[in-house]
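*Asks:* After the C-alpha cells below, expect a handful of questions from me.
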Amino acid sequence: AVNNPNAGATGTVKVPMRGTYTDKTAEVEEEVRKTDEHFSSGRFIAFVKECYLKLQSAWTARDLEELRVIQSEELFSQSQTQIDEYKRLGRINVMERVAVNDVKLLAHRISGDKEYIDVLLNAQQKDYIIDEKTKAVLEGSQNQYRNINYVITFMRTAGEVTDDTDGVKTANCPNCG
C-alpha cells in the first residue's frame, strides 16, 4: 500500500457502473475514524480526484509509470497491456477536458490484512481515439463530452493510519539541526 497523506490508499478500478448509489460518506468517515483518528473524508475525496486526473493524463500520454504507486500490481499490469496494444496499433486514446463532478464514499470494510473503501466517482470528459501519425479521429468525437460513473475500490494495509501533517514534511538541517 502507498503511504499517502490522505489515506495511505491504492486504487483498483471496477468496471464503469450505472445505477443509483447511496452516499454514505459520513458513515464511512465515522467508521474509519474508529481506528484512524486523522482520516478525513474531504482529504480522501481530494486524493481520489487527484488519482483520477493523474490516471486520465497518464492514459493519454501512454505512460503509466507514475501510476505504479497508486495502482495494485494486477490493475497496473492490465492497464499496461491495454496501452501496449494502443501503441502496437499506432493509436492514442485521448482523454481531455477531464472534470471530476462528484465523489461519494459508498462503503468501508476490512478483510484479512486489507482495508477497503468503495467510492463512486462521476466525471465528465472528452474521450476519443486518434491515429498517432495522422491525428485523425478513429473512434469517438473531439466535440462530445462523456459523463461516466466509476465505482473504484481503494485499498490499504489494515491498521495503517492517515498522516496528520497535511502533507507538510519537516527535516533537520545536517549542519545546524
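Naming scheme: A, B, ... for chains in displayed order of the C-alpha cells; residues 1 onward per chain; ligands 1 onward as shown.
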Using the chain letters and numbers from this document, which residues of range 63-155 of chain A does DSSP assign to strand (DSSP E or B), as number ranges by chain?
*Replies:* A: 71, 91-111, 114-131, 137-155
*Asks:* Set out as JSON lines a contact list for range 81-171 of chain A and range 35-51 of chain A with a cut-off of 10 Å, giving each residue of range 81-171 of chain A that qualifies its closest atom pair and distance in Å to one decimal, counting only C-alpha atoms, ordered by chain and rising residue number.
*Replies:*
```
{"residue": "A:Ala99", "atom": "CA", "partner": "A:Lys49", "partner_atom": "CA", "distance": 9.0}
{"residue": "A:Val100", "atom": "CA", "partner": "A:Lys49", "partner_atom": "CA", "distance": 6.5}
{"residue": "A:Asn101", "atom": "CA", "partner": "A:Lys49", "partner_atom": "CA", "distance": 9.3}
{"residue": "A:Asp102", "atom": "CA", "partner": "A:Lys49", "partner_atom": "CA", "distance": 8.7}
{"residue": "A:Val103", "atom": "CA", "partner": "A:Ile45", "partner_atom": "CA", "distance": 6.4}
{"residue": "A:Lys104", "atom": "CA", "partner": "A:Ile45", "partner_atom": "CA", "distance": 7.8}
{"residue": "A:Leu105", "atom": "CA", "partner": "A:Ser41", "partner_atom": "CA", "distance": 8.0}
{"residue": "A:Val119", "atom": "CA", "partner": "A:Val48", "partner_atom": "CA", "distance": 8.5}
{"residue": "A:Leu120", "atom": "CA", "partner": "A:Val48", "partner_atom": "CA", "distance": 9.9}
{"residue": "A:Leu121", "atom": "CA", "partner": "A:Lys49", "partner_atom": "CA", "distance": 8.2}
{"residue": "A:Asn122", "atom": "CA", "partner": "A:Lys49", "partner_atom": "CA", "distance": 9.9}
{"residue": "A:Ala123", "atom": "CA", "partner": "A:Lys49", "partner_atom": "CA", "distance": 9.5}
{"residue": "A:Ile152", "atom": "CA", "partner": "A:Val48", "partner_atom": "CA", "distance": 9.1}
{"residue": "A:Phe154", "atom": "CA", "partner": "A:Val48", "partner_atom": "CA", "distance": 8.7}
{"residue": "A:Ala158", "atom": "CA", "partner": "A:Thr35", "partner_atom": "CA", "distance": 9.5}
{"residue": "A:Gly159", "atom": "CA", "partner": "A:Thr35", "partner_atom": "CA", "distance": 7.2}
{"residue": "A:Glu160", "atom": "CA", "partner": "A:Asp36", "partner_atom": "CA", "distance": 7.7}
{"residue": "A:Val161", "atom": "CA", "partner": "A:Asp36", "partner_atom": "CA", "distance": 5.2}
{"residue": "A:Thr162", "atom": "CA", "partner": "A:His38", "partner_atom": "CA", "distance": 5.6}
{"residue": "A:Asp163", "atom": "CA", "partner": "A:His38", "partner_atom": "CA", "distance": 7.1}
{"residue": "A:Asp164", "atom": "CA", "partner": "A:His38", "partner_atom": "CA", "distance": 5.8}
{"residue": "A:Thr165", "atom": "CA", "partner": "A:His38", "partner_atom": "CA", "distance": 9.5}
{"residue": "A:Asp166", "atom": "CA", "partner": "A:Arg43", "partner_atom": "CA", "distance": 8.9}
```
*Asks:* Just to be explicit: take each residue in the selection above, keep N, CA, C and O atoms, and write the result as an mmCIF file, in the first residue's frame.
*Replies:*
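Generated output (selection_34.cif):
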```cif
data_model
loop_
_atom_site.group_PDB
_atom_site.id
_atom_site.type_symbol
_atom_site.label_atom_id
_atom_site.label_comp_id
_atom_site.auth_asym_id
_atom_site.auth_seq_id
_atom_site.Cartn_x
_atom_site.Cartn_y
_atom_site.Cartn_z
ATOM 1 N N ALA A 99 -13.094 16.552 -15.970
ATOM 2 C CA ALA A 99 -13.584 17.212 -14.763
ATOM 3 C C ALA A 99 -14.249 16.167 -13.873
ATOM 4 O O ALA A 99 -15.102 15.410 -14.336
ATOM 5 N N VAL A 100 -13.823 16.113 -12.637
ATOM 6 C CA VAL A 100 -14.480 15.238 -11.675
ATOM 7 C C VAL A 100 -15.619 16.043 -11.067
ATOM 8 O O VAL A 100 -15.398 17.060 -10.415
ATOM 9 N N ASN A 101 -16.835 15.584 -11.310
ATOM 10 C CA ASN A 101 -18.017 16.300 -10.831
ATOM 11 C C ASN A 101 -18.353 15.985 -9.382
ATOM 12 O O ASN A 101 -18.783 16.859 -8.639
ATOM 13 N N ASP A 102 -18.167 14.723 -8.990
ATOM 14 C CA ASP A 102 -18.588 14.319 -7.655
ATOM 15 C C ASP A 102 -17.894 13.025 -7.252
ATOM 16 O O ASP A 102 -17.602 12.186 -8.104
ATOM 17 N N VAL A 103 -17.648 12.898 -5.971
ATOM 18 C CA VAL A 103 -17.132 11.660 -5.390
ATOM 19 C C VAL A 103 -17.920 11.404 -4.120
ATOM 20 O O VAL A 103 -18.059 12.306 -3.284
ATOM 21 N N LYS A 104 -18.435 10.199 -4.000
ATOM 22 C CA LYS A 104 -19.182 9.792 -2.812
ATOM 23 C C LYS A 104 -18.552 8.527 -2.256
ATOM 24 O O LYS A 104 -18.206 7.621 -3.017
ATOM 25 N N LEU A 105 -18.424 8.461 -0.957
ATOM 26 C CA LEU A 105 -17.955 7.238 -0.324
ATOM 27 C C LEU A 105 -19.164 6.327 -0.151
ATOM 28 O O LEU A 105 -20.215 6.752 0.331
ATOM 29 N N VAL A 119 -15.749 3.916 -3.603
ATOM 30 C CA VAL A 119 -16.221 5.261 -3.917
ATOM 31 C C VAL A 119 -16.943 5.256 -5.257
ATOM 32 O O VAL A 119 -16.666 4.429 -6.125
ATOM 33 N N LEU A 120 -17.853 6.173 -5.402
ATOM 34 C CA LEU A 120 -18.500 6.425 -6.683
ATOM 35 C C LEU A 120 -17.942 7.735 -7.195
ATOM 36 O O LEU A 120 -18.040 8.760 -6.507
ATOM 37 N N LEU A 121 -17.327 7.710 -8.343
ATOM 38 C CA LEU A 121 -16.750 8.911 -8.950
ATOM 39 C C LEU A 121 -17.529 9.215 -10.215
ATOM 40 O O LEU A 121 -17.702 8.346 -11.067
ATOM 41 N N ASN A 122 -18.025 10.444 -10.316
ATOM 42 C CA ASN A 122 -18.706 10.904 -11.511
ATOM 43 C C ASN A 122 -17.808 11.919 -12.197
ATOM 44 O O ASN A 122 -17.349 12.877 -11.555
ATOM 45 N N ALA A 123 -17.528 11.691 -13.466
ATOM 46 C CA ALA A 123 -16.650 12.583 -14.219
ATOM 47 C C ALA A 123 -17.252 12.885 -15.587
ATOM 48 O O ALA A 123 -18.094 12.139 -16.095
ATOM 49 N N ILE A 152 -14.906 2.740 -7.705
ATOM 50 C CA ILE A 152 -13.471 2.492 -7.527
ATOM 51 C C ILE A 152 -13.251 2.026 -6.095
ATOM 52 O O ILE A 152 -13.805 2.603 -5.158
ATOM 53 N N PHE A 154 -10.536 1.596 -3.155
ATOM 54 C CA PHE A 154 -9.220 1.969 -2.652
ATOM 55 C C PHE A 154 -8.871 1.017 -1.517
ATOM 56 O O PHE A 154 -9.720 0.669 -0.698
ATOM 57 N N ALA A 158 -4.551 -2.990 6.481
ATOM 58 C CA ALA A 158 -5.370 -2.777 7.679
ATOM 59 C C ALA A 158 -4.473 -2.300 8.817
ATOM 60 O O ALA A 158 -3.350 -2.781 8.989
ATOM 61 N N GLY A 159 -4.961 -1.336 9.569
ATOM 62 C CA GLY A 159 -4.193 -0.801 10.687
ATOM 63 C C GLY A 159 -3.340 0.399 10.331
ATOM 64 O O GLY A 159 -2.849 1.104 11.201
ATOM 65 N N GLU A 160 -3.156 0.651 9.044
ATOM 66 C CA GLU A 160 -2.396 1.830 8.623
ATOM 67 C C GLU A 160 -3.218 3.066 8.961
ATOM 68 O O GLU A 160 -4.439 3.049 8.887
ATOM 69 N N VAL A 161 -2.544 4.129 9.353
ATOM 70 C CA VAL A 161 -3.264 5.342 9.723
ATOM 71 C C VAL A 161 -2.848 6.503 8.838
ATOM 72 O O VAL A 161 -1.772 6.518 8.253
ATOM 73 N N THR A 162 -3.736 7.476 8.773
ATOM 74 C CA THR A 162 -3.528 8.655 7.958
ATOM 75 C C THR A 162 -2.462 9.548 8.571
ATOM 76 O O THR A 162 -2.460 9.790 9.777
ATOM 77 N N ASP A 163 -1.584 10.039 7.734
ATOM 78 C CA ASP A 163 -0.570 11.016 8.136
ATOM 79 C C ASP A 163 -1.309 12.310 8.477
ATOM 80 O O ASP A 163 -2.074 12.822 7.669
ATOM 81 N N ASP A 164 -1.094 12.841 9.648
ATOM 82 C CA ASP A 164 -1.829 14.034 10.077
ATOM 83 C C ASP A 164 -1.093 15.343 9.838
ATOM 84 O O ASP A 164 -1.468 16.379 10.369
ATOM 85 N N THR A 165 -0.065 15.329 9.005
ATOM 86 C CA THR A 165 0.737 16.542 8.797
ATOM 87 C C THR A 165 0.244 17.406 7.651
ATOM 88 O O THR A 165 0.887 18.375 7.301
ATOM 89 N N ASP A 166 -0.892 17.054 7.045
ATOM 90 C CA ASP A 166 -1.424 17.822 5.908
ATOM 91 C C ASP A 166 -0.418 17.960 4.774
ATOM 92 O O ASP A 166 -0.363 18.977 4.094
#
```
*Asks:* Would you mind telling me which residue in A:Tyr150, A:Ser57, A:Asp118, A:Arg91 lies nearest to Leu106 in chain A when using only C-alpha atoms?
*Replies:* A:Asp118
*Asks:* Would you compute the distance between CA of Asp84 in chain A and CA of Trp59 in chain A? Give it in Å to one decimal.
*Replies:*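 Atom-to-atom, CA of Asp84 in chain A and CA of Trp59 in chain A are spaced 11.0 Å apart.
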*Asks:* Between CA of Arg97 in chain A and CA of Gln125 in chain A, what distance in Å does the model show, to one decimal?
*Replies:* 5.3 Å
*Asks:* Taking the DSSP secondary structure from the backbone, can you list the residues of range 3-157 of chain A that are alpha helix (DSSP H), as a PyMOL selection string?
*Replies:* chain A and resi 25-33+41-61+73-89
*Asks:* Measure the distance from CA of Glu74 in chain A to CA of Tyr21 in chain A in Å and round it to one decimal.
*Replies:*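 Between these atoms lies a distance of 26.4 Å.
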*Asks:* Find the residues around Tyr128 in chain A up to 12 Å (only C-alpha atoms counted), leave out those fewer than 2 positions away in its own chain, and share them as a VMD selection string.
*Replies:* chain A and resid 59 to 60 91 to 97 125 to 126 130 to 131 135 to 146
*Asks:* Restricting it to C-alpha atoms, dump the selection as a short mmCIF file (atom, residue, chain, number, x, y, z; two decimals), in the first residue's frame.
*Replies:*
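This is the output file again_11.cif:
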```cif
data_model
loop_
_atom_site.label_atom_id
_atom_site.label_comp_id
_atom_site.auth_asym_id
_atom_site.auth_seq_id
_atom_site.Cartn_x
_atom_site.Cartn_y
_atom_site.Cartn_z
CA TRP A 59 -3.52 7.17 -20.21
CA THR A 60 -3.39 9.84 -22.93
CA ARG A 91 -3.42 4.73 -31.63
CA ILE A 92 -3.78 7.21 -28.81
CA ASN A 93 -6.79 7.19 -26.51
CA VAL A 94 -7.18 10.90 -25.80
CA MET A 95 -8.77 11.92 -22.51
CA GLU A 96 -9.13 15.69 -22.33
CA ARG A 97 -11.16 18.38 -20.61
CA GLN A 125 -14.54 14.33 -20.24
CA LYS A 126 -13.83 14.08 -23.92
CA ILE A 130 -6.76 9.09 -32.79
CA ASP A 131 -4.14 7.76 -35.18
CA LYS A 135 -4.05 12.58 -35.67
CA ALA A 136 -7.28 11.61 -37.45
CA VAL A 137 -10.11 10.64 -35.11
CA LEU A 138 -10.73 6.90 -35.42
CA GLU A 139 -13.35 6.45 -32.69
CA GLY A 140 -15.43 8.82 -30.60
CA SER A 141 -15.68 12.56 -31.04
CA GLN A 142 -13.44 15.50 -30.23
CA ASN A 143 -16.55 17.61 -29.70
CA GLN A 144 -18.64 15.40 -27.45
CA TYR A 145 -18.35 15.05 -23.68
CA ARG A 146 -18.93 11.75 -21.96
#
```
*Asks:* Using only C-alpha atoms, which protein or nucleic acid residues come within 12 Å of Gly112 in chain A? Drop anything in the same chain fewer than 3 positions from it, and give the result as a list in words.
*Replies:*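 The residues that qualify are Arg109, Glu115, Tyr116, Met155, Arg156, Thr157, Ala158 and Gly159 of chain A.
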